[in-house]
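> What follows is run_32.tsv, made up of TSV, C-alpha atoms (C1' of nucleotides):
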```tsv
chain	number	residue	atom	x	y	z
A	1	MET	CA	-14.50	2.26	71.55
A	2	MET	CA	-16.20	1.05	68.42
A	3	SER	CA	-18.02	3.68	66.43
A	4	THR	CA	-18.46	7.43	66.02
A	5	ASP	CA	-14.74	7.72	65.42
A	6	VAL	CA	-13.66	10.31	62.89
A	7	ASN	CA	-11.53	7.80	61.06
A	8	LYS	CA	-14.12	5.07	60.96
A	9	PRO	CA	-17.17	6.40	59.10
A	10	ALA	CA	-19.72	3.84	60.17
A	11	ALA	CA	-20.21	0.43	61.70
A	12	ALA	CA	-20.05	-2.35	59.10
A	13	VAL	CA	-18.79	0.01	56.47
A	14	ARG	CA	-15.33	-0.35	55.12
A	15	PRO	CA	-13.15	2.56	56.05
A	16	THR	CA	-11.91	3.26	52.57
A	17	LYS	CA	-9.73	6.16	51.62
A	18	GLN	CA	-12.61	8.11	50.08
A	19	ARG	CA	-15.01	7.49	52.93
A	20	MET	CA	-12.41	8.69	55.35
A	21	ALA	CA	-11.84	11.74	53.21
A	22	VAL	CA	-15.54	12.54	53.31
A	23	ALA	CA	-15.71	11.99	57.04
A	24	ARG	CA	-12.69	14.19	57.53
A	25	ILE	CA	-13.95	17.05	55.44
A	26	LEU	CA	-17.21	16.95	57.37
A	27	GLU	CA	-15.22	17.82	60.44
A	28	SER	CA	-14.02	21.00	58.84
A	29	PHE	CA	-17.28	22.88	58.92
A	30	ALA	CA	-20.24	23.18	61.19
A	31	ASP	CA	-23.07	24.22	58.93
A	32	PHE	CA	-25.00	22.43	56.24
A	33	ARG	CA	-23.45	21.82	52.85
A	34	SER	CA	-24.83	20.15	49.79
A	35	ALA	CA	-23.35	16.98	48.41
A	36	GLN	CA	-21.95	18.89	45.49
A	37	GLU	CA	-20.33	21.48	47.70
A	38	ILE	CA	-18.75	18.74	49.72
A	39	HIS	CA	-17.50	17.11	46.57
A	40	ALA	CA	-16.03	20.41	45.44
A	41	MET	CA	-14.31	20.86	48.79
A	42	LEU	CA	-12.76	17.44	48.49
A	43	THR	CA	-11.55	18.15	45.00
A	44	ALA	CA	-10.18	21.51	46.07
A	45	ALA	CA	-8.37	19.77	48.90
A	46	GLY	CA	-6.65	17.55	46.38
A	47	GLU	CA	-8.63	14.42	47.19
A	48	THR	CA	-9.92	12.51	44.24
A	49	VAL	CA	-13.31	11.19	45.14
A	50	GLY	CA	-16.03	10.67	42.58
A	51	LEU	CA	-19.25	12.57	42.90
A	52	ALA	CA	-21.28	9.37	43.00
A	53	THR	CA	-19.15	8.14	45.84
A	54	VAL	CA	-19.74	11.32	47.77
A	55	TYR	CA	-23.48	10.88	47.37
A	56	ARG	CA	-23.31	7.24	48.38
A	57	THR	CA	-21.13	7.91	51.37
A	58	LEU	CA	-23.25	10.78	52.52
A	59	GLN	CA	-26.42	8.78	52.48
A	60	LEU	CA	-24.75	5.83	54.13
A	61	MET	CA	-23.57	8.02	56.93
A	62	ALA	CA	-26.93	9.70	57.19
A	63	GLU	CA	-28.70	6.35	57.45
A	64	SER	CA	-26.42	5.16	60.17
A	65	GLY	CA	-27.06	8.34	62.05
A	66	ASP	CA	-23.63	9.88	61.73
A	67	LEU	CA	-24.97	12.79	59.78
A	68	ASP	CA	-27.75	15.32	59.89
A	69	VAL	CA	-29.68	15.80	56.71
A	70	LEU	CA	-32.03	18.59	55.91
A	71	ARG	CA	-33.89	19.69	52.85
A	72	THR	CA	-33.30	23.31	51.96
A	73	GLU	CA	-36.29	25.39	51.03
A	74	ASP	CA	-35.81	24.51	47.39
A	75	GLY	CA	-35.61	20.81	47.94
A	76	GLU	CA	-31.92	19.98	47.92
A	77	ALA	CA	-30.35	17.80	50.56
A	78	ALA	CA	-27.73	19.33	52.82
A	79	TYR	CA	-25.47	17.48	55.22
A	80	ARG	CA	-23.65	18.19	58.38
A	81	ARG	CA	-21.87	16.18	60.99
A	82	CYS	CA	-24.24	15.13	63.67
A	83	SER	CA	-24.29	15.55	67.36
A	84	ALA	CA	-25.85	12.40	68.64
A	85	THR	CA	-29.01	13.83	70.12
A	86	HIS	CA	-32.18	14.47	68.21
A	87	HIS	CA	-32.52	18.14	67.39
A	88	HIS	CA	-33.49	20.68	64.79
A	89	HIS	CA	-31.88	23.69	63.18
A	90	LEU	CA	-32.12	27.37	62.87
A	91	VAL	CA	-30.44	28.20	59.60
A	92	CYS	CA	-29.49	31.59	58.26
A	93	ARG	CA	-30.94	32.06	54.83
A	94	SER	CA	-28.09	34.15	53.55
A	95	CYS	CA	-24.91	32.83	55.13
A	96	GLY	CA	-25.97	29.36	56.18
A	97	ALA	CA	-24.90	29.73	59.79
A	98	THR	CA	-26.62	27.06	61.79
A	99	VAL	CA	-27.72	26.86	65.36
A	100	GLU	CA	-28.66	23.52	66.73
A	101	ILE	CA	-31.83	23.68	68.73
A	102	GLU	CA	-33.74	21.29	70.86
A	103	GLY	CA	-37.41	21.30	71.50
A	104	PRO	CA	-38.49	18.57	73.83
A	105	ALA	CA	-41.85	20.29	74.03
A	106	VAL	CA	-42.24	20.08	70.29
A	107	GLU	CA	-41.33	16.41	70.27
A	108	ARG	CA	-43.94	15.69	72.87
A	109	TRP	CA	-46.47	17.79	71.06
A	110	ALA	CA	-45.79	15.92	67.81
A	111	GLU	CA	-46.22	12.56	69.47
A	112	ALA	CA	-49.37	13.60	71.22
A	113	ILE	CA	-51.10	15.15	68.27
A	114	SER	CA	-50.21	12.22	66.05
A	115	ALA	CA	-51.52	9.67	68.49
A	116	GLU	CA	-54.62	11.74	68.86
A	117	HIS	CA	-55.31	11.30	65.15
A	118	GLY	CA	-54.43	7.63	65.13
A	119	TYR	CA	-51.11	7.99	63.35
A	120	THR	CA	-48.15	5.82	64.32
A	121	GLU	CA	-44.49	5.56	63.43
A	122	ILE	CA	-44.20	9.30	63.49
A	123	SER	CA	-41.29	11.16	62.07
A	124	HIS	CA	-41.15	14.87	61.64
A	125	THR	CA	-39.23	17.56	59.90
A	126	LEU	CA	-38.83	20.91	61.52
A	127	GLU	CA	-36.48	23.60	60.36
A	128	LEU	CA	-36.36	27.27	61.13
A	129	PHE	CA	-35.03	29.68	58.54
A	130	GLY	CA	-34.18	33.26	59.28
A	131	THR	CA	-31.64	36.02	58.90
A	132	CYS	CA	-28.90	35.90	61.46
A	133	ALA	CA	-27.59	38.85	63.41
A	134	SER	CA	-24.51	39.44	61.28
A	135	CYS	CA	-26.43	39.26	58.00
A	136	ARG	CA	-29.01	41.76	59.16
B	1	MET	CA	-66.23	40.05	47.59
B	2	MET	CA	-62.86	40.40	45.91
B	3	SER	CA	-60.51	37.45	46.29
B	4	THR	CA	-60.37	33.84	47.47
B	5	ASP	CA	-63.05	33.03	44.91
B	6	VAL	CA	-62.79	29.70	43.15
B	7	ASN	CA	-63.19	31.31	39.77
B	8	LYS	CA	-60.69	34.06	40.32
B	9	PRO	CA	-57.30	32.44	41.08
B	10	ALA	CA	-55.50	35.44	42.51
B	11	ALA	CA	-55.51	39.21	42.79
B	12	ALA	CA	-53.81	40.89	39.82
B	13	VAL	CA	-53.69	37.64	37.95
B	14	ARG	CA	-55.71	37.14	34.83
B	15	PRO	CA	-58.41	34.57	35.29
B	16	THR	CA	-57.57	32.57	32.22
B	17	LYS	CA	-59.22	29.36	31.20
B	18	GLN	CA	-56.26	27.26	32.34
B	19	ARG	CA	-55.83	29.02	35.66
B	20	MET	CA	-59.47	28.48	36.37
B	21	ALA	CA	-59.13	24.84	35.41
B	22	VAL	CA	-56.28	24.43	37.87
B	23	ALA	CA	-58.18	26.25	40.60
B	24	ARG	CA	-61.20	24.09	39.94
B	25	ILE	CA	-59.35	20.79	40.01
B	26	LEU	CA	-57.77	21.81	43.29
B	27	GLU	CA	-61.24	21.87	44.77
B	28	SER	CA	-61.73	18.23	43.90
B	29	PHE	CA	-59.35	16.75	46.43
B	30	ALA	CA	-58.24	17.49	49.94
B	31	ASP	CA	-54.78	16.00	50.21
B	32	PHE	CA	-51.47	16.94	48.72
B	33	ARG	CA	-50.74	16.26	45.06
B	34	SER	CA	-47.66	16.91	43.02
B	35	ALA	CA	-47.69	19.30	40.10
B	36	GLN	CA	-47.42	16.39	37.72
B	37	GLU	CA	-50.32	14.58	39.28
B	38	ILE	CA	-52.41	17.69	39.00
B	39	HIS	CA	-51.43	18.06	35.40
B	40	ALA	CA	-52.42	14.46	34.77
B	41	MET	CA	-55.77	15.00	36.44
B	42	LEU	CA	-56.44	17.98	34.23
B	43	THR	CA	-55.55	16.06	31.12
B	44	ALA	CA	-57.69	13.15	32.23
B	45	ALA	CA	-60.54	15.58	32.77
B	46	GLY	CA	-60.24	16.67	29.17
B	47	GLU	CA	-58.69	20.04	29.89
B	48	THR	CA	-55.70	20.94	27.81
B	49	VAL	CA	-53.27	22.77	30.03
B	50	GLY	CA	-49.55	22.62	29.48
B	51	LEU	CA	-47.34	21.23	32.19
B	52	ALA	CA	-45.35	24.44	32.38
B	53	THR	CA	-48.54	26.37	32.91
B	54	VAL	CA	-49.54	24.07	35.72
B	55	TYR	CA	-46.21	24.68	37.41
B	56	ARG	CA	-46.46	28.42	36.90
B	57	THR	CA	-50.03	28.60	38.12
B	58	LEU	CA	-49.30	26.47	41.13
B	59	GLN	CA	-46.44	28.61	42.28
B	60	LEU	CA	-48.36	31.79	41.63
B	61	MET	CA	-51.19	30.56	43.77
B	62	ALA	CA	-48.81	29.38	46.42
B	63	GLU	CA	-47.09	32.75	46.55
B	64	SER	CA	-50.34	34.59	46.92
B	65	GLY	CA	-51.29	32.28	49.72
B	66	ASP	CA	-54.11	30.45	48.00
B	67	LEU	CA	-52.26	27.17	48.24
B	68	ASP	CA	-50.39	25.08	50.73
B	69	VAL	CA	-47.06	23.72	49.60
B	70	LEU	CA	-45.03	21.06	51.24
B	71	ARG	CA	-41.92	19.19	50.34
B	72	THR	CA	-42.32	15.45	50.52
B	73	GLU	CA	-39.57	13.52	52.22
B	74	ASP	CA	-37.80	13.05	48.91
B	75	GLY	CA	-37.85	16.69	47.98
B	76	GLU	CA	-40.77	17.08	45.60
B	77	ALA	CA	-43.29	19.85	45.99
B	78	ALA	CA	-46.90	18.95	46.68
B	79	TYR	CA	-49.85	21.30	46.61
B	80	ARG	CA	-53.23	21.52	48.16
B	81	ARG	CA	-55.93	24.12	48.48
B	82	CYS	CA	-55.36	26.19	51.51
B	83	SER	CA	-57.46	27.02	54.45
B	84	ALA	CA	-56.54	30.56	55.26
B	85	THR	CA	-54.94	30.04	58.64
B	86	HIS	CA	-51.34	29.15	59.21
B	87	HIS	CA	-51.02	25.49	60.02
B	88	HIS	CA	-49.03	22.33	59.48
B	89	HIS	CA	-49.78	18.81	58.36
B	90	LEU	CA	-49.80	15.29	59.53
B	91	VAL	CA	-49.42	13.23	56.40
B	92	CYS	CA	-49.82	9.49	56.02
B	93	ARG	CA	-46.74	8.03	54.44
B	94	SER	CA	-48.60	5.33	52.57
B	95	CYS	CA	-51.95	6.77	51.50
B	96	GLY	CA	-51.27	10.48	51.70
B	97	ALA	CA	-54.23	11.25	53.95
B	98	THR	CA	-53.65	14.62	55.51
B	99	VAL	CA	-54.74	16.12	58.77
B	100	GLU	CA	-54.40	19.82	59.19
B	101	ILE	CA	-52.92	20.70	62.53
B	102	GLU	CA	-52.29	23.86	64.39
B	103	GLY	CA	-49.62	24.46	66.93
B	104	PRO	CA	-49.76	27.92	68.37
B	105	ALA	CA	-47.32	26.73	71.01
B	106	VAL	CA	-44.87	25.72	68.33
B	107	GLU	CA	-45.21	29.03	66.56
B	108	ARG	CA	-44.47	30.89	69.74
B	109	TRP	CA	-41.60	28.60	70.52
B	110	ALA	CA	-40.11	29.15	67.06
B	111	GLU	CA	-40.34	32.90	67.40
B	112	ALA	CA	-38.86	32.86	70.86
B	113	ILE	CA	-35.96	30.61	70.13
B	114	SER	CA	-35.10	32.49	66.95
B	115	ALA	CA	-35.13	35.85	68.66
B	116	GLU	CA	-33.03	34.37	71.39
B	117	HIS	CA	-30.33	33.61	68.83
B	118	GLY	CA	-30.66	36.93	67.07
B	119	TYR	CA	-32.40	35.64	63.98
B	120	THR	CA	-35.12	37.66	62.34
B	121	GLU	CA	-37.61	37.20	59.51
B	122	ILE	CA	-38.27	33.70	60.65
B	123	SER	CA	-40.05	31.15	58.58
B	124	HIS	CA	-40.32	27.53	59.44
B	125	THR	CA	-41.22	24.22	57.95
B	126	LEU	CA	-42.82	21.59	60.09
B	127	GLU	CA	-44.39	18.44	58.81
B	128	LEU	CA	-45.32	15.26	60.57
B	129	PHE	CA	-45.23	11.98	58.71
B	130	GLY	CA	-46.73	8.79	60.02
B	131	THR	CA	-48.88	5.81	59.23
B	132	CYS	CA	-52.57	6.49	59.57
B	133	ALA	CA	-55.06	4.25	61.32
B	134	SER	CA	-56.44	2.64	58.17
B	135	CYS	CA	-53.02	1.89	56.73
B	136	ARG	CA	-51.83	0.20	59.91
C	1	DA	C1'	0.04	-13.55	46.47
C	2	DT	C1'	-4.73	-14.93	45.81
C	3	DC	C1'	-9.70	-14.76	45.75
C	4	DG	C1'	-14.51	-13.08	46.45
C	5	DG	C1'	-17.16	-9.66	47.71
C	6	DT	C1'	-17.07	-4.32	48.12
C	7	DT	C1'	-16.39	-0.06	46.52
C	8	DT	C1'	-15.16	3.12	43.13
C	9	DG	C1'	-15.40	6.35	39.17
C	10	DA	C1'	-16.79	7.99	34.69
C	11	DC	C1'	-20.63	8.74	32.54
C	12	DA	C1'	-25.30	7.87	31.14
C	13	DA	C1'	-29.88	8.15	32.56
C	14	DC	C1'	-33.62	10.06	35.33
C	15	DG	C1'	-37.20	12.94	37.18
C	16	DG	C1'	-38.74	17.13	38.66
C	17	DT	C1'	-38.66	21.78	37.58
C	18	DT	C1'	-37.55	25.91	34.97
C	19	DC	C1'	-36.50	28.38	30.76
C	20	DT	C1'	-37.18	29.93	25.91
C	21	DC	C1'	-39.64	31.95	22.58
C	22	DA	C1'	-42.97	32.07	19.01
C	23	DT	C1'	-47.91	32.08	19.18
C	24	DT	C1'	-52.29	33.18	21.34
C	25	DA	C1'	-55.62	35.14	24.55
C	26	DC	C1'	-56.95	39.05	27.41
C	27	DG	C1'	-59.16	43.22	28.04
C	28	DA	C1'	-58.90	48.28	27.80
C	29	DA	C1'	-59.39	51.77	24.60
C	30	DT	C1'	-61.29	53.11	20.33
D	1	DA	C1'	-66.53	44.94	16.92
D	2	DT	C1'	-61.53	46.01	15.80
D	3	DT	C1'	-57.12	47.19	17.33
D	4	DC	C1'	-53.25	47.13	20.22
D	5	DG	C1'	-49.97	46.35	23.99
D	6	DT	C1'	-49.12	43.15	27.32
D	7	DA	C1'	-49.51	39.02	29.90
D	8	DA	C1'	-50.12	34.07	29.42
D	9	DT	C1'	-49.59	29.74	27.05
D	10	DG	C1'	-47.54	25.44	25.13
D	11	DA	C1'	-44.03	22.49	23.25
D	12	DG	C1'	-39.90	21.29	23.87
D	13	DA	C1'	-35.23	22.03	25.23
D	14	DA	C1'	-32.38	22.88	28.98
D	15	DC	C1'	-31.15	22.42	33.86
D	16	DC	C1'	-29.73	20.42	38.02
D	17	DG	C1'	-29.58	17.38	41.66
D	18	DT	C1'	-29.49	12.74	42.18
D	19	DT	C1'	-29.28	7.78	41.08
D	20	DG	C1'	-28.09	3.87	38.15
D	21	DT	C1'	-24.63	1.09	35.37
D	22	DC	C1'	-20.79	-1.68	35.01
D	23	DA	C1'	-16.06	-2.67	34.33
D	24	DA	C1'	-11.93	-1.83	36.90
D	25	DA	C1'	-9.61	-1.17	41.44
D	26	DC	C1'	-9.52	-2.23	46.23
D	27	DC	C1'	-9.93	-4.52	50.80
D	28	DG	C1'	-8.84	-7.82	53.89
D	29	DA	C1'	-9.13	-12.54	55.23
D	30	DT	C1'	-6.94	-16.74	53.74
```
Go through the file and emit its structure as structure tokens.

Amino acid sequence: MMSTDVNKPAAAVRPTKQRMAVARILESFADFRSAQEIHAMLTAAGETVGLATVYRTLQLMAESGDLDVLRTEDGEAAYRRCSATHHHHLVCRSCGATVEIEGPAVERWAEAISAEHGYTEISHTLELFGTCASCR
Amino acid sequence: MMSTDVNKPAAAVRPTKQRMAVARILESFADFRSAQEIHAMLTAAGETVGLATVYRTLQLMAESGDLDVLRTEDGEAAYRRCSATHHHHLVCRSCGATVEIEGPAVERWAEAISAEHGYTEISHTLELFGTCASCR
DNA sequence: ATCGGTTTGACAACGGTTCTCATTACGAAT
DNA sequence: ATTCGTAATGAGAACCGTTGTCAAACCGAT
């Protein structure tokens, strides 16, 4: 094996103590958390990792595709460990519970409509927000 | 007539000089601009409207559905006058040119998939970013 | 152990947005 | 027109998430 290992954050990235701590804590939850929340969790867990380092690590991991990023409705970034495939999320507005969803049809639609208007190098953001069953 | 008039920003909102100035400037462009850009345009046009007022007016108008809002990829809010129907946007990453798109299929898909997971009161964000033909 | 490039952490700086609050404008009633 | 109660404004401070700075600590190959 050579990547996507819990104890080895990313490819050419040095597996430092703090990066491993971040990677590890990311395994402990399944929904989206902000950088600050993650930093707080680390601190609470007795790890001493600087806030700046958390931010840096998070964006490193996001860039190398190890992490999902989404912008909450008020513009903050939230992170979550990533399952390799491209997908979107259905997030509960009040408790944050997340369901990973796939929409091959949407992907195709996005590609098609973009091409139709002469746009290339398409990327898209798609998030669903709602109230989940137990928060009803 | 009674609403959606250029000179009467919103329903129970007082049509003040500055609100009208904001509404008017919004008619002068068709793509998305940030609150600060809009404020700068107003100032450049000789209108004296405070930045805070621009922010307040913009979010008022957005709430009452007179404006489209979108979050750029780096989390800032951008506004644009709104065509009444629900729709999404295909935005050029380099010049900001915007194409308004509709995706009834996507709407239906979003509803369906949310219901399927027991989520209610669904809202969604969907934006496409790409490079337009003339920026190629 | 040593050395050179990485990474870290504390804290300052930033940029967008929101808040505060005294002042002003609105518009309904007089 | 004048008055009055309320909503709106503006200037600036405050906020908050995020990014930058830079000296000190760390990693790992030698």
> How would you write as an mmCIF file with C-alpha atoms, in the coordinates of the input the residues that get within 12 Å of (-40.1, 30.0, 71.5) in the file's frame, counting all atoms listed in the file?

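So the final result, stored in point_34.cif, reads:
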```cif
data_model
loop_
_atom_site.group_PDB
_atom_site.id
_atom_site.type_symbol
_atom_site.label_atom_id
_atom_site.label_comp_id
_atom_site.auth_asym_id
_atom_site.auth_seq_id
_atom_site.Cartn_x
_atom_site.Cartn_y
_atom_site.Cartn_z
ATOM 1 C CA ILE A 101 -31.830 23.680 68.730
ATOM 2 C CA GLU A 102 -33.740 21.290 70.860
ATOM 3 C CA GLY A 103 -37.410 21.300 71.500
ATOM 4 C CA PRO A 104 -38.490 18.570 73.830
ATOM 5 C CA ALA A 105 -41.850 20.290 74.030
ATOM 6 C CA VAL A 106 -42.240 20.080 70.290
ATOM 7 C CA LEU A 128 -36.360 27.270 61.130
ATOM 8 C CA GLY B 103 -49.620 24.460 66.930
ATOM 9 C CA PRO B 104 -49.760 27.920 68.370
ATOM 10 C CA ALA B 105 -47.320 26.730 71.010
ATOM 11 C CA VAL B 106 -44.870 25.720 68.330
ATOM 12 C CA GLU B 107 -45.210 29.030 66.560
ATOM 13 C CA ARG B 108 -44.470 30.890 69.740
ATOM 14 C CA TRP B 109 -41.600 28.600 70.520
ATOM 15 C CA ALA B 110 -40.110 29.150 67.060
ATOM 16 C CA GLU B 111 -40.340 32.900 67.400
ATOM 17 C CA ALA B 112 -38.860 32.860 70.860
ATOM 18 C CA ILE B 113 -35.960 30.610 70.130
ATOM 19 C CA SER B 114 -35.100 32.490 66.950
ATOM 20 C CA ALA B 115 -35.130 35.850 68.660
ATOM 21 C CA GLU B 116 -33.030 34.370 71.390
ATOM 22 C CA HIS B 117 -30.330 33.610 68.830
ATOM 23 C CA ILE B 122 -38.270 33.700 60.650
#
```
> CA of Val69 (chain B) and CA of Gln18 (chain B) are how many Å apart?
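Distance reported for this atom pair: 19.9 Å.
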> Fewer than 3 positions away in the same chain doesn't count, so skip those; otherwise give me all residues within 9 Å of region 39-44 of chain A, counting all atoms listed in the file, as a list in words.
Ala21, Val22, Ile25, Ser34, Ala35, Gln36, Glu47, Thr48, Val49, Gly50, Leu51, Val54 and Tyr55 of chain A
> If we count all atoms listed in the file and set the cut-off at 9 Å, which residues sit around DC27 (chain D), ignoring sequence neighbours fewer than 3 positions away in its own chain? Please answer as a list in words.
Arg14 and Thr16 of chain A; DT6 and DT7 of chain C
> Return as a ChimeraX atom specification the residues belonging to chain B that are within 9 Å of chain A, counting only C-alpha atoms.
/B:71-77,90-92,99,101,103,105-106,109-110,113-114,117-134,136
> Just need the residues of chain C within 12 Å of chain A, counting all atoms listed in the file, so spit them out as a list in words.
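For chain C, the answer reads DT6, DT7, DT8, DG9, DA10, DC11, DG16 and DT17 of chain C.
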> When you look at DT30 (chain D) with a cut-off of 12 Å (counting all atoms listed in the file), what residues show up, excluding the ones that are within fewer than 4 positions of it in the same chain? I need them as a list in words.
DA1, DT2, DC3 and DG4 of chain C
> Looking at all atoms listed in the file, which of B:Thr57, B:Glu100, B:Ile38, B:Ser94 is the one that sits closest to chain D?
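Answer, going by the shortest atom-to-atom distance: B:Thr57.
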> What are the residues of chain D that have an atom within 12 Å of an atom of chain B, counting all atoms listed in the file, as a list in words?
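For chain D, the answer reads DT6, DA7, DA8, DT9, DG10, DA11, DG12, DG17 and DT18 of chain D.
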> Between CA of Glu63 (chain B) and CA of Glu27 (chain B), what is the distance, to one decimal in Å?
17.9 Å
> What's the separation between CA of Ala30 (chain B) and CA of Ala45 (chain B), in Å to one decimal place?
17.4 Å
> If the box runs along x, y and z of the file and leaves 8 Å on each side of region 19-29 of chain A, what are its centre and edge lengths in Å, one decimal, as lines of an AutoDock Vina configuration file?

```
center_x = -14.6
center_y = 15.2
center_z = 56.7
size_x = 21.4
size_y = 31.4
size_z = 23.5
```
> With all atoms listed in the file as the atoms that count, which of B:Met61, B:His86, B:Arg56, B:Gly96 lies nearest to DT18 (chain C)?
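Of all the options, B:Arg56 lies closest to DT18 (chain C).
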> Got a sec: who's within 12 Å of DT30 (chain C), counting only C-alpha atoms (C1' of nucleotides), leaving out chain neighbours fewer than 5 positions off, as a count of residues only?
4
